[in-house]
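Chemist: Structure file target20.txt (compact mmCIF, C-alpha atoms) is given on the next line.
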# COMPACT_ATOMS: atom_id res chain seq x y z
CA MET A 1 0.00 0.00 0.00
CA PRO A 2 1.17 3.61 -0.42
CA ASP A 3 3.37 5.06 2.33
CA LEU A 4 0.46 7.41 3.16
CA CYS A 5 -1.28 4.39 4.72
CA ARG A 6 1.62 3.78 7.12
CA ARG A 7 1.12 5.80 10.28
CA PRO A 8 3.02 3.78 12.88
CA VAL A 9 3.05 6.35 15.67
CA PHE A 10 -0.64 7.23 15.33
CA ALA A 11 -1.59 3.55 14.94
CA ARG A 12 0.07 2.55 18.20
CA LEU A 13 -1.33 5.53 20.08
CA TYR A 14 -4.83 4.84 18.73
CA SER A 15 -4.61 1.17 19.67
CA ARG A 16 -3.49 2.08 23.18
CA LEU A 17 -6.22 4.68 23.77
CA SER A 18 -9.20 3.07 22.03
CA PRO A 19 -10.03 0.51 24.77
CA ALA A 20 -10.32 3.35 27.29
CA MET A 21 -12.59 5.26 24.91
CA ASP A 22 -14.73 2.14 24.54
CA ARG A 23 -15.15 2.00 28.31
CA ARG A 24 -16.22 5.66 28.31
CA GLY A 25 -19.04 5.04 25.86
CA VAL A 26 -17.72 4.17 22.41
CA ALA A 27 -18.52 0.47 22.93
CA ASP A 28 -22.19 1.40 23.30
CA HIS A 29 -21.98 3.35 20.03
CA ARG A 30 -20.45 0.32 18.32
CA ARG A 31 -23.29 -1.90 19.55
CA ARG A 32 -25.90 0.58 18.30
CA LEU A 33 -24.12 0.85 14.97
CA LEU A 34 -24.17 -2.91 14.35
CA THR A 35 -27.48 -3.97 15.86
CA GLY A 36 -29.54 -5.78 13.22
CA VAL A 37 -26.90 -5.78 10.49
CA ALA A 38 -27.02 -8.98 8.43
CA GLY A 39 -25.52 -10.91 5.55
CA ARG A 40 -22.19 -10.21 3.89
CA VAL A 41 -20.54 -7.11 5.34
CA VAL A 42 -17.59 -4.96 4.35
CA GLU A 43 -16.11 -2.84 7.12
CA VAL A 44 -14.13 0.09 5.74
CA GLY A 45 -11.15 1.18 7.85
CA ALA A 46 -11.51 -1.47 10.54
CA GLY A 47 -8.67 -0.09 12.65
CA ASP A 48 -7.63 -2.57 15.31
CA GLY A 49 -10.88 -4.52 15.13
CA LEU A 50 -12.83 -3.31 18.16
CA ASN A 51 -16.09 -3.53 16.20
CA PHE A 52 -15.70 -7.25 15.64
CA ALA A 53 -17.06 -8.30 19.04
CA HIS A 54 -20.32 -6.46 18.35
CA TYR A 55 -21.36 -8.12 15.07
CA PRO A 56 -24.59 -10.10 15.59
CA PRO A 57 -25.03 -13.75 14.48
CA THR A 58 -27.16 -12.58 11.53
CA VAL A 59 -23.88 -11.62 9.81
CA SER A 60 -22.46 -14.35 7.59
CA THR A 61 -19.03 -12.84 6.96
CA VAL A 62 -17.13 -9.58 7.46
CA VAL A 63 -14.40 -8.43 5.10
CA ALA A 64 -12.53 -5.86 7.20
CA LEU A 65 -10.39 -3.43 5.20
CA GLU A 66 -7.40 -1.86 6.95
CA PRO A 67 -4.39 -0.50 5.03
CA GLU A 68 -2.29 0.46 8.08
CA PRO A 69 -0.02 -2.55 8.84
CA TYR A 70 0.08 -2.36 12.64
CA LEU A 71 -3.67 -1.83 12.97
CA ARG A 72 -4.37 -4.62 10.47
CA ARG A 73 -2.23 -7.03 12.50
CA ARG A 74 -4.15 -6.12 15.65
CA ALA A 75 -7.45 -6.53 13.74
CA GLY A 76 -6.34 -9.97 12.59
CA GLU A 77 -5.76 -10.99 16.20
CA ARG A 78 -9.25 -9.84 17.17
CA ALA A 79 -10.78 -11.52 14.10
CA VAL A 80 -9.76 -14.91 15.51
CA GLU A 81 -11.77 -14.19 18.66
CA ALA A 82 -14.90 -12.90 16.89
CA SER A 83 -18.12 -14.89 16.99
CA VAL A 84 -18.68 -14.33 13.25
CA ALA A 85 -16.31 -14.99 10.35
CA VAL A 86 -13.99 -11.98 9.92
CA GLU A 87 -11.15 -11.55 7.45
CA ALA A 88 -8.78 -8.61 7.91
CA VAL A 89 -7.64 -7.49 4.44
CA ASP A 90 -4.90 -5.15 3.24
CA ALA A 91 -7.07 -2.77 1.21
CA ALA A 92 -8.08 0.87 1.17
CA ALA A 93 -11.54 2.40 1.01
CA GLU A 94 -10.88 3.87 -2.44
CA GLN A 95 -10.68 0.38 -3.97
CA ILE A 96 -12.94 -2.06 -2.17
CA PRO A 97 -12.12 -5.65 -3.19
CA ALA A 98 -15.70 -6.72 -3.94
CA ALA A 99 -17.81 -7.09 -7.06
CA ASP A 100 -20.58 -4.68 -7.98
CA GLY A 101 -23.73 -5.23 -5.92
CA SER A 102 -22.24 -8.12 -3.97
CA VAL A 103 -22.46 -6.82 -0.39
CA ASP A 104 -25.45 -6.58 1.96
CA ALA A 105 -24.00 -3.89 4.24
CA VAL A 106 -21.00 -1.60 4.51
CA VAL A 107 -19.86 -0.28 7.88
CA THR A 108 -17.86 2.91 8.41
CA SER A 109 -16.73 3.70 11.93
CA LEU A 110 -14.72 6.86 12.61
CA VAL A 111 -13.02 6.60 9.22
CA LEU A 112 -14.70 8.94 6.71
CA CYS A 113 -13.01 11.84 8.47
CA SER A 114 -9.61 10.56 7.36
CA VAL A 115 -10.03 9.21 3.84
CA ARG A 116 -8.42 11.30 1.12
CA ASP A 117 -11.63 11.80 -0.88
CA GLN A 118 -15.04 11.12 0.69
CA ASP A 119 -16.82 11.25 -2.68
CA VAL A 120 -14.61 8.53 -4.14
CA VAL A 121 -15.01 6.31 -1.09
CA LEU A 122 -18.79 6.72 -0.92
CA ALA A 123 -19.05 5.96 -4.65
CA GLU A 124 -17.11 2.73 -4.02
CA ILE A 125 -19.41 1.85 -1.13
CA ARG A 126 -22.46 2.40 -3.35
CA ARG A 127 -20.85 0.30 -6.10
CA VAL A 128 -20.36 -2.80 -3.94
CA LEU A 129 -23.73 -2.61 -2.17
CA ARG A 130 -26.64 -4.56 -3.58
CA PRO A 131 -29.75 -2.49 -4.43
CA GLY A 132 -31.30 -1.56 -1.11
CA GLY A 133 -28.13 -2.56 0.75
CA GLU A 134 -27.30 -0.75 3.97
CA LEU A 135 -24.62 1.75 4.89
CA ARG A 136 -24.08 1.84 8.65
CA PHE A 137 -22.14 4.94 9.72
CA TYR A 138 -20.65 6.26 12.95
CA GLU A 139 -18.56 9.39 12.34
CA HIS A 140 -17.54 12.65 13.90
CA VAL A 141 -18.57 15.57 11.74
CA ALA A 142 -18.74 19.32 11.21
CA ALA A 143 -20.37 21.42 13.89
CA PRO A 144 -23.26 23.65 12.76
CA ASP A 145 -22.16 26.64 10.70
CA GLY A 146 -21.94 29.98 12.41
CA GLY A 147 -20.81 28.73 15.80
CA ARG A 148 -17.47 29.00 17.55
CA LEU A 149 -16.79 25.26 17.34
CA ARG A 150 -17.18 25.30 13.54
CA ARG A 151 -14.63 28.11 13.34
CA VAL A 152 -12.26 26.12 15.53
CA GLN A 153 -12.67 23.08 13.26
CA ARG A 154 -11.69 25.12 10.20
CA VAL A 155 -8.55 26.34 11.93
CA VAL A 156 -7.37 22.98 13.29
CA ASP A 157 -8.13 21.15 10.03
CA ALA A 158 -5.96 23.64 8.14
CA THR A 159 -3.08 23.32 10.59
CA VAL A 160 -2.16 20.62 13.08
CA TRP A 161 -5.08 18.20 13.49
CA PRO A 162 -4.69 16.01 10.37
CA HIS A 163 -0.97 15.60 11.09
CA LEU A 164 -1.52 14.56 14.69
CA ALA A 165 -4.62 12.42 14.20
CA GLY A 166 -3.80 10.13 11.29
CA GLY A 167 -5.24 12.31 8.53
CA CYS A 168 -8.46 13.10 10.41
CA HIS A 169 -10.46 16.21 9.47
CA THR A 170 -12.93 17.36 12.09
CA GLY A 171 -15.09 19.59 9.88
CA ARG A 172 -16.41 17.29 7.16
CA ASP A 173 -20.16 17.35 6.48
CA THR A 174 -20.34 13.59 6.17
CA GLU A 175 -24.13 13.38 6.38
CA ALA A 176 -24.51 15.65 3.34
CA ALA A 177 -21.82 13.69 1.50
CA ILE A 178 -23.70 10.42 2.11
CA VAL A 179 -26.88 11.86 0.61
CA ALA A 180 -25.01 13.38 -2.34
CA ALA A 181 -23.47 9.97 -3.08
CA GLY A 182 -26.88 8.43 -3.76
CA PHE A 183 -28.00 7.16 -0.37
CA VAL A 184 -31.26 7.66 1.48
CA ILE A 185 -30.74 8.15 5.20
CA ASP A 186 -33.20 6.03 7.17
CA GLU A 187 -32.10 6.98 10.66
CA VAL A 188 -29.54 9.36 12.15
CA ASP A 189 -28.67 10.36 15.69
CA ARG A 190 -26.66 13.55 16.21
CA PHE A 191 -24.79 13.95 19.49
CA ARG A 192 -21.61 15.17 21.11
CA PHE A 193 -19.06 12.75 22.51
CA PRO A 194 -17.66 13.01 25.05
CA PRO A 195 -20.67 15.09 26.11
CA SER A 196 -18.79 16.97 28.82
CA VAL A 197 -15.70 17.83 26.75
CA THR A 198 -15.38 20.66 24.24
CA SER A 199 -13.35 19.21 21.38
CA PRO A 200 -13.23 19.88 17.63
CA ALA A 201 -14.07 16.18 17.17
CA ALA A 202 -17.04 16.14 19.58
CA PRO A 203 -19.98 16.38 17.10
CA HIS A 204 -20.96 12.88 15.94
CA ILE A 205 -23.56 11.16 13.81
CA LEU A 206 -24.64 7.53 14.03
CA GLY A 207 -27.17 5.94 11.73
CA ARG A 208 -28.05 3.90 8.69
CA ALA A 209 -28.82 4.59 5.06
CA HIS A 210 -29.67 2.52 2.02
CA ARG A 211 -28.56 2.69 -1.58
CA ALA A 212 -31.20 4.61 -3.48
CA ALA A 213 -33.18 2.67 -6.07
CA GLY A 214 -32.59 3.34 -9.75
CA LEU A 215 -28.97 4.43 -9.38
CA PRO A 216 -26.49 2.11 -11.10
CA PRO A 217 -23.19 1.35 -9.35
CA ASP A 218 -20.26 3.49 -10.49
Would you give me this structure, written as structure tokens?

Modeler:
Amino acid sequence: MPDLCRRPVFARLYSRLSPAMDRRGVADHRRRLLTGVAGRVVEVGAGDGLNFAHYPPTVSTVVALEPEPYLRRRAGERAVEASVAVEAVDAAAEQIPAADGSVDAVVTSLVLCSVRDQDVVLAEIRRVLRPGGELRFYEHVAAPDGGRLRRVQRVVDATVWPHLAGGCHTGRDTEAAIVAAGFVIDEVDRFRFPPSVTSPAAPHILGRAHRAAGLPPD
């Protein structure tokens, strides 16, 4: 994979901190994200595999894409312990290794903030989903325009944040991008996490959408 996918310092820091974040509430978000998902699933940007324990038995298989080598190794270790079949694959979101219309659901979890081009990635997700297939998303997103937090997001995204946080951008309007890519949002919850901390990455969305009828895969 390109060197851009190798972020060894961030990967190790993320893997060290993510269990503590799960204990503070992220694990509950993961469970909500994956409740009721079924069939063949692609997880985009699986990180170190903390979602795997939350997939329900209605899932037949999970193809978990993770281009960062350290995180993919950790994901592979967790895949062995999962109660459903999980394969951790060296692949990026811009080129999902699946045929057109061959997937029942795609899961994105705190990853669309860091991909190089959201439009390209969402087009790939739409391509591999079967008609009516689900996109499950859990992402931190842009704060409402006009507020102080939105101004802070613009500043940090243009300076230090992407370099410190593995390419993350705090101010992306991911909900609008999902709709623009040809999805219909069926359910969305908007919230701040952690609720008591003011952070550029605090605004979140969690929900599900389906591939709109009548749109061919790209």

Chemist: Interatomic distance between CA of Val107 (chain A) and CA of Pro67 (chain A)?

Modeler: 15.7 Å

Chemist: How big is the axis-aligned box around all listed atoms of region 105-123 of chain A once 3 Å goes on each side, and where's its centre, in Å to one decimal, as AutoDock Vina command-line options?

Modeler:
--center_x -16.2 --center_y 4.0 --center_z 4.0 --size_x 21.6 --size_y 21.7 --size_z 23.3

Chemist: I'd like to know which of A:Pro162, A:Gly45, A:Pro56, A:Pro131 is closest to Ser109 (chain A), using all atoms listed in the file.

Modeler: A:Gly45

Chemist: Hey, which of A:Val9, A:Leu122, A:Val106, A:Val62 ends up closest to Ala88 (chain A)? Count only C-alpha atoms.

Modeler: A:Val62

Chemist: I'd like the neighbourhood of Glu66 (chain A) as a list of chain:residue names, where a residue qualifies if any of its atoms comes within 9 Å (using only C-alpha atoms), though same-chain residues fewer than 2 positions away should be ignored.

Modeler: A:Glu43, A:Val44, A:Gly45, A:Ala46, A:Gly47, A:Asp48, A:Ala64, A:Glu68, A:Pro69, A:Leu71, A:Arg72, A:Ala75, A:Ala88, A:Val89, A:Asp90, A:Ala91, A:Ala92, A:Ala93

Chemist: Measure the distance from CA of Val63 (chain A) to CA of Val86 (chain A) in Å and round it to one decimal.

Modeler: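 CA of Val86 (chain A) lies at a distance of 6.0 Å from CA of Val63 (chain A).
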
Chemist: Please provide the set of residues having any atom within 6 Å of region 101-105 of chain A, restricted to only C-alpha atoms, with same-chain residues fewer than 4 positions apart removed, written as a list of chain:residue names.

Modeler: A:Gly39, A:Arg40, A:Val41, A:Val128, A:Leu129, A:Arg130, A:Gly133, A:Glu134, A:Leu135

Chemist: To one decimal place in Å, what is the distance between CA of Arg172 (chain A) and CA of Val141 (chain A)?

Modeler: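 Straight-line distance from CA of Arg172 (chain A) to CA of Val141 (chain A) works out to 5.3 Å.
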
Chemist: Check the smallest atom-to-atom distance from each of A:Ala143, A:Ala38, A:Val120, A:Leu50 to Arg190 (chain A) using all atoms listed in the file, then report the winner.

Modeler: A:Ala143

Chemist: Between A:Leu112, A:Phe52, A:Ala98, A:Leu65, which one has atoms that come closest to Ser83 (chain A), using all atoms listed in the file?

Modeler: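 Smallest separation from Ser83 (chain A) among the options: A:Phe52.
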
Chemist: Measuring atom to atom with only C-alpha atoms, identify which of A:Asn51, A:Asp100, A:Gly25, A:Leu33 is nearest to Asp189 (chain A).

Modeler: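 Going through A:Asn51, A:Asp100, A:Gly25, A:Leu33 one by one, the smallest distance to Asp189 (chain A) is for A:Leu33.
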
Chemist: Neighbouring residues of Arg31 (chain A) were defined as those with any atom within 9 Å, considering all atoms listed in the file; residues of the same chain fewer than 6 positions away were excluded. Please report them as a short mmCIF file (atom, residue, chain, number, x, y, z; two decimals) with C-alpha atoms, in the coordinates of the input.

Modeler:
data_model
loop_
_atom_site.label_atom_id
_atom_site.label_comp_id
_atom_site.auth_asym_id
_atom_site.auth_seq_id
_atom_site.Cartn_x
_atom_site.Cartn_y
_atom_site.Cartn_z
CA ASN A 51 -16.09 -3.53 16.20
CA ALA A 53 -17.06 -8.30 19.04
CA HIS A 54 -20.32 -6.46 18.35
CA TYR A 55 -21.36 -8.12 15.07
#

Chemist: Counting only C-alpha atoms, I want the residues whose atoms come within 6 Å of (-11.7, 14.9, 12.6) in the file frame, returned as number ranges by chain.

Modeler: A: 113, 168-170, 201

Chemist: Ranking A:Val197, A:Val37, A:Ile96, A:Ala165 by minimum distance to Ala11 (chain A) and counting all atoms listed in the file, which one comes first?

Modeler: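 Counting all atoms listed in the file, the residue closest to Ala11 (chain A) is A:Ala165.
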
Chemist: Using all atoms listed in the file, which protein or nucleic acid residues come within 12 Å of Phe191 (chain A)? Drop anything in the same chain fewer than 2 positions from it, and give the result as a ChimeraX atom specification.

Modeler: /A:29,138-144,188-189,193-196,201-207

Chemist: Model the absent atoms of region 70-87 of chain A so that N, CA and C atoms are present, and write the result as an mmCIF file, in the coordinates of the input.

Modeler:
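Just written: selection-v4.cif:
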data_model
loop_
_atom_site.group_PDB
_atom_site.id
_atom_site.type_symbol
_atom_site.label_atom_id
_atom_site.label_comp_id
_atom_site.auth_asym_id
_atom_site.auth_seq_id
_atom_site.Cartn_x
_atom_site.Cartn_y
_atom_site.Cartn_z
ATOM 1 N N TYR A 70 0.171 -2.023 11.215
ATOM 2 C CA TYR A 70 0.080 -2.360 12.640
ATOM 3 C C TYR A 70 -1.377 -2.583 13.045
ATOM 4 N N LEU A 71 -2.259 -1.675 12.629
ATOM 5 C CA LEU A 71 -3.670 -1.830 12.970
ATOM 6 C C LEU A 71 -4.251 -3.090 12.348
ATOM 7 N N ARG A 72 -3.850 -3.403 11.116
ATOM 8 C CA ARG A 72 -4.370 -4.620 10.470
ATOM 9 C C ARG A 72 -3.930 -5.870 11.222
ATOM 10 N N ARG A 73 -2.688 -5.886 11.717
ATOM 11 C CA ARG A 73 -2.230 -7.030 12.500
ATOM 12 C C ARG A 73 -3.074 -7.186 13.766
ATOM 13 N N ARG A 74 -3.326 -6.072 14.446
ATOM 14 C CA ARG A 74 -4.150 -6.120 15.650
ATOM 15 C C ARG A 74 -5.579 -6.578 15.304
ATOM 16 N N ALA A 75 -6.111 -6.099 14.172
ATOM 17 C CA ALA A 75 -7.450 -6.530 13.740
ATOM 18 C C ALA A 75 -7.473 -8.022 13.463
ATOM 19 N N GLY A 76 -6.402 -8.534 12.854
ATOM 20 C CA GLY A 76 -6.340 -9.970 12.590
ATOM 21 C C GLY A 76 -6.373 -10.788 13.870
ATOM 22 N N GLU A 77 -5.731 -10.287 14.918
ATOM 23 C CA GLU A 77 -5.760 -10.990 16.200
ATOM 24 C C GLU A 77 -7.177 -11.001 16.778
ATOM 25 N N ARG A 78 -7.884 -9.885 16.647
ATOM 26 C CA ARG A 78 -9.250 -9.840 17.170
ATOM 27 C C ARG A 78 -10.212 -10.634 16.284
ATOM 28 N N ALA A 79 -9.903 -10.749 15.000
ATOM 29 C CA ALA A 79 -10.780 -11.520 14.100
ATOM 30 C C ALA A 79 -10.865 -12.980 14.541
ATOM 31 N N VAL A 80 -9.781 -13.513 15.048
ATOM 32 C CA VAL A 80 -9.760 -14.910 15.510
ATOM 33 C C VAL A 80 -10.729 -15.117 16.661
ATOM 34 N N GLU A 81 -10.911 -14.080 17.475
ATOM 35 C CA GLU A 81 -11.770 -14.190 18.660
ATOM 36 C C GLU A 81 -13.226 -13.850 18.380
ATOM 37 N N ALA A 82 -13.534 -13.348 17.197
ATOM 38 C CA ALA A 82 -14.900 -12.900 16.890
ATOM 39 C C ALA A 82 -15.855 -14.081 16.772
ATOM 40 N N SER A 83 -17.115 -13.818 17.059
ATOM 41 C CA SER A 83 -18.120 -14.890 16.990
ATOM 42 C C SER A 83 -18.679 -15.068 15.580
ATOM 43 N N VAL A 84 -18.322 -14.176 14.656
ATOM 44 C CA VAL A 84 -18.680 -14.330 13.250
ATOM 45 C C VAL A 84 -17.390 -14.407 12.445
ATOM 46 N N ALA A 85 -17.491 -14.849 11.200
ATOM 47 C CA ALA A 85 -16.310 -14.990 10.350
ATOM 48 C C ALA A 85 -15.831 -13.611 9.904
ATOM 49 N N VAL A 86 -14.584 -13.267 10.264
ATOM 50 C CA VAL A 86 -13.990 -11.980 9.920
ATOM 51 C C VAL A 86 -12.657 -12.207 9.241
ATOM 52 N N GLU A 87 -12.445 -11.526 8.131
ATOM 53 C CA GLU A 87 -11.150 -11.550 7.450
ATOM 54 C C GLU A 87 -10.607 -10.135 7.385
#
